[in-house]
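Chemist: Dropping a structure here in structure tokens format, bear with me for questions.
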Amino acid sequence: MAEEKGLIIDIDQIIRDKAGYKARYVPKFVVSALKRLLHQDEVNRFLNEHKDEVGVEWLKSCVKYLDMKLTVVGRENLPANDGKLYTFVSNHPLGGGDGVALGALIGEHFDGQIRYLLNDFLMYLPGLRPVGVGINKTGSQSRNFPRLVQETFDSDMQVLMFPAGICSRKTNGVIHDLPWTKTFVTKSVQTQRDVVPIHFSGSNSNRFYNIANWSKRLGLKFNVAMLFLVDEMYKNVGKEYEIRIGKPIPWQTFDRSHSALEWAQYVEDIVYKL
């Protein structure tokens, strides 16, 4: 129904999908504000113009649309496309544009044979569906999380992850990821994938970090800052970014001399030193 109206992204429908019968209690002015904040009209215009593109082709169009000026350092560290499988892990400073850019870069190098682990909200974007695995670690869908992760690592696709789970925050004036989770370590060892560390430069606005920090202080369970990521993406149009790719870390490195969480911290430290 949404696509028939030209609305590939339909905020009204998303609210109904997520809130169920409670959607009727969401005030209309709130819905209107969300449509503006999430740039429903601009996003749908782009999606309609590129509705025949999916996967890496669509990601490359996103990079062009956002006028992202990318410099890649260490491109020689990208492994050869010879059938061996890897786990690519990166910091997550932007929460949107960084994922698009890395997906386009790595996806093109591996002929589209990649899979992202994504917030399930992003699966509303048709172009992402062929390369995305939508996950939700809260609510009734959380029980599917381990299965989806396992299926992704068991596949014959290159895996791209942001181990922090959400985009970077600013603490004491420093922009840095939240502590990385251990999933990429345990699953990479289990499936014998070497890990490729990547650092992506960039930042969001002070408004974004203030909202994120206040949400934390207030103890809000819902990630309010996430609602502002599309607006942040539009604020960052035309900016320059540097992608630094490190040497692959053999999966055998992650032995029992340290816990998986400690190894995750080890890789995170490598990323921030790139």
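Starting from 1 in every chain, residues are counted up; chains themselves are A, B, ... following the order of the structure tokens, and ligands are numbered from 1 as listed.
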Check region 23-262 of chain A with DSSP on the backbone and list each residue it calls helix (DSSP H, G or I), as JSON, numbers by chain.

Modeler: {"A": [23, 24, 25, 28, 29, 30, 31, 32, 33, 34, 35, 36, 37, 40, 41, 42, 43, 44, 45, 46, 47, 48, 49, 55, 56, 57, 58, 59, 60, 61, 62, 63, 64, 65, 75, 76, 77, 97, 98, 99, 100, 101, 102, 103, 104, 105, 106, 107, 108, 109, 120, 121, 122, 123, 124, 126, 127, 128, 139, 140, 141, 142, 143, 144, 145, 146, 147, 148, 149, 150, 151, 152, 153, 154, 183, 184, 185, 186, 187, 188, 189, 190, 206, 207, 208, 209, 210, 211, 212, 213, 214, 215, 216, 217, 224, 225, 226, 227, 228, 229, 230, 231, 232, 233, 234, 235, 251, 252, 253, 260, 261, 262]}

Chemist: Residues within 12 Å of Gln113 (chain A), please, as a list in words. Count only C-alpha atoms; anything in the same chain fewer than 6 positions from it doesn't count.

Modeler: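 After dropping sequence-adjacent residues, the list is Gly55, Val56, Asn81, Asp82, Gly83, Lys84, Leu85, Tyr86, Gly103, Ala104, Leu105, Ile106, Gly107, Pro130, Val131, Gly132, Thr152, Ser155, Asp156, Met157, Gln158, Val159 and Leu160 of chain A.
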
Chemist: Next, write the just-selected residues to a file, as a PDB file, in the first residue's frame, keeping C-alpha atoms as the atom set.

Modeler:
```pdb
ATOM      1  CA  GLY A  55      22.800  -3.980  -2.752  1.00  0.00           C
ATOM      2  CA  VAL A  56      26.185  -2.509  -3.612  1.00  0.00           C
ATOM      3  CA  ASN A  81      38.747 -11.771  -3.424  1.00  0.00           C
ATOM      4  CA  ASP A  82      39.803 -15.414  -3.548  1.00  0.00           C
ATOM      5  CA  GLY A  83      36.982 -17.115  -1.694  1.00  0.00           C
ATOM      6  CA  LYS A  84      38.379 -16.765   1.830  1.00  0.00           C
ATOM      7  CA  LEU A  85      35.913 -15.280   4.311  1.00  0.00           C
ATOM      8  CA  TYR A  86      36.579 -12.359   6.659  1.00  0.00           C
ATOM      9  CA  GLY A 103      29.360  -1.296   2.441  1.00  0.00           C
ATOM     10  CA  ALA A 104      29.994   0.276  -0.960  1.00  0.00           C
ATOM     11  CA  LEU A 105      33.777  -0.051  -0.633  1.00  0.00           C
ATOM     12  CA  ILE A 106      33.925  -3.618   0.679  1.00  0.00           C
ATOM     13  CA  GLY A 107      30.937  -4.771  -1.333  1.00  0.00           C
ATOM     14  CA  PRO A 130      19.856  -7.949  -0.215  1.00  0.00           C
ATOM     15  CA  VAL A 131      22.951  -7.148   1.867  1.00  0.00           C
ATOM     16  CA  GLY A 132      21.390  -6.556   5.279  1.00  0.00           C
ATOM     17  CA  THR A 152      25.269 -14.762   8.901  1.00  0.00           C
ATOM     18  CA  SER A 155      27.137 -18.070   5.190  1.00  0.00           C
ATOM     19  CA  ASP A 156      29.605 -17.718   2.323  1.00  0.00           C
ATOM     20  CA  MET A 157      29.434 -13.920   2.571  1.00  0.00           C
ATOM     21  CA  GLN A 158      31.933 -11.405   3.918  1.00  0.00           C
ATOM     22  CA  VAL A 159      30.597  -9.984   7.196  1.00  0.00           C
ATOM     23  CA  LEU A 160      30.655  -6.284   8.097  1.00  0.00           C
TER      24      LEU A 160
END
```

Chemist: What does the distance from CA of Lys182 (chain A) to CA of Val89 (chain A) come to in Å, to one decimal?

Modeler: 11.6 Å

Chemist: For Gly112 (chain A), which residue out of A:Asp98, A:Val54, A:Ala164, A:Glu242 is the nearest one, using only C-alpha atoms?

Modeler: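 Looking at the shortest contact to Gly112 (chain A), the residue is A:Val54.
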
Chemist: Mind pulling up the distance from CA of Phe184 (chain A) to CA of Glu268 (chain A)?

Modeler: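 Separation between CA of Glu268 (chain A) and CA of Phe184 (chain A): 11.4 Å.
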
Chemist: Would you please extract all strand (DSSP E or B) residues from region 83-197 of chain A, as assigned by DSSP on the backbone, and give them as a ChimeraX atom specification?

Modeler: /A:86-90,114-119,132-135,158-161,169-171,174-176,194-197

Chemist: Now that the selection is made, can you save its residues with N, CA and C atoms as a short mmCIF file (atom, residue, chain, number, x, y, z; two decimals), in the first residue's frame?

Modeler:
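Final file, out_34.cif:
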```cif
data_model
loop_
_atom_site.label_atom_id
_atom_site.label_comp_id
_atom_site.auth_asym_id
_atom_site.auth_seq_id
_atom_site.Cartn_x
_atom_site.Cartn_y
_atom_site.Cartn_z
N TYR A 86 36.04 -13.27 5.65
CA TYR A 86 36.58 -12.36 6.66
C TYR A 86 35.44 -11.69 7.44
N THR A 87 35.82 -11.15 8.60
CA THR A 87 34.94 -10.29 9.36
C THR A 87 35.55 -8.90 9.37
N PHE A 88 34.85 -7.92 8.82
CA PHE A 88 35.31 -6.54 8.80
C PHE A 88 34.65 -5.79 9.95
N VAL A 89 35.46 -5.17 10.80
CA VAL A 89 34.91 -4.46 11.96
C VAL A 89 35.40 -3.02 11.96
N SER A 90 34.51 -2.10 12.31
CA SER A 90 34.84 -0.68 12.28
C SER A 90 34.22 0.05 13.46
N ILE A 114 28.60 -9.51 0.46
CA ILE A 114 28.73 -9.05 1.84
C ILE A 114 27.38 -9.09 2.55
N ARG A 115 27.45 -9.11 3.87
CA ARG A 115 26.26 -9.01 4.70
C ARG A 115 26.57 -8.09 5.88
N TYR A 116 25.64 -7.18 6.13
CA TYR A 116 25.70 -6.31 7.30
C TYR A 116 24.84 -6.91 8.41
N LEU A 117 25.22 -6.67 9.64
CA LEU A 117 24.31 -6.86 10.76
C LEU A 117 23.77 -5.47 11.09
N LEU A 118 22.46 -5.26 10.87
CA LEU A 118 21.86 -3.94 10.94
C LEU A 118 20.73 -3.87 11.95
N ASN A 119 20.48 -2.67 12.45
CA ASN A 119 19.25 -2.44 13.20
C ASN A 119 18.07 -2.73 12.27
N GLY A 132 21.60 -6.80 3.86
CA GLY A 132 21.39 -6.56 5.28
C GLY A 132 20.76 -7.73 6.01
N VAL A 133 21.11 -7.84 7.28
CA VAL A 133 20.48 -8.80 8.19
C VAL A 133 19.93 -7.98 9.34
N GLY A 134 18.62 -7.77 9.36
CA GLY A 134 18.00 -6.94 10.38
C GLY A 134 17.92 -7.63 11.72
N ILE A 135 18.44 -7.01 12.74
CA ILE A 135 18.42 -7.60 14.08
C ILE A 135 17.79 -6.63 15.07
N GLN A 158 31.09 -12.20 3.03
CA GLN A 158 31.93 -11.40 3.92
C GLN A 158 31.01 -10.69 4.91
N VAL A 159 31.44 -10.59 6.16
CA VAL A 159 30.60 -9.98 7.20
C VAL A 159 31.16 -8.63 7.61
N LEU A 160 30.29 -7.62 7.64
CA LEU A 160 30.65 -6.28 8.10
C LEU A 160 29.89 -5.97 9.36
N MET A 161 30.62 -5.58 10.41
CA MET A 161 30.00 -5.32 11.71
C MET A 161 30.51 -4.02 12.33
N ARG A 169 29.58 7.98 20.91
CA ARG A 169 29.09 9.02 21.81
C ARG A 169 30.25 9.94 22.19
N LYS A 170 29.91 11.11 22.71
CA LYS A 170 30.94 12.04 23.18
C LYS A 170 30.95 12.04 24.70
N THR A 171 32.10 11.72 25.27
CA THR A 171 32.26 11.70 26.71
C THR A 171 33.49 12.53 27.08
N VAL A 174 35.45 13.77 24.19
CA VAL A 174 36.08 12.80 23.28
C VAL A 174 35.01 11.94 22.62
N ILE A 175 35.05 11.85 21.28
CA ILE A 175 34.10 11.02 20.54
C ILE A 175 34.69 9.63 20.38
N HIS A 176 33.97 8.65 20.89
CA HIS A 176 34.50 7.27 20.91
C HIS A 176 33.32 6.31 20.97
N ASP A 194 39.46 -14.46 9.51
CA ASP A 194 40.37 -13.43 9.98
C ASP A 194 39.58 -12.12 10.11
N VAL A 195 40.04 -11.25 11.00
CA VAL A 195 39.33 -10.00 11.29
C VAL A 195 40.10 -8.82 10.69
N VAL A 196 39.40 -8.00 9.91
CA VAL A 196 40.02 -6.83 9.29
C VAL A 196 39.57 -5.57 10.02
N PRO A 197 40.49 -4.88 10.71
CA PRO A 197 40.12 -3.66 11.46
C PRO A 197 40.06 -2.44 10.55
#
```

Chemist: For CA of Met226 (chain A) and CA of Gly97 (chain A), determine how far apart the two atoms are, in Å to one decimal place.

Modeler: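 One can read the CA of Met226 (chain A) to CA of Gly97 (chain A) distance as 13.4 Å.
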
Chemist: Find the residue from A:Thr191, A:Thr186, A:Asn172, A:Thr253 that sits nearest to Asp154 (chain A); use only C-alpha atoms when measuring.

Modeler: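 Closest candidate: A:Thr191.
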
Chemist: Residues near Asn223 (chain A), anyone? I mean within 12 Å using only C-alpha atoms, not counting same-chain ones fewer than 3 positions away, as JSON, numbers by chain.

Modeler: {"A": [119, 138, 165, 166, 167, 208, 211, 212, 213, 214, 215, 216, 218, 219, 220, 226, 227, 228, 229]}
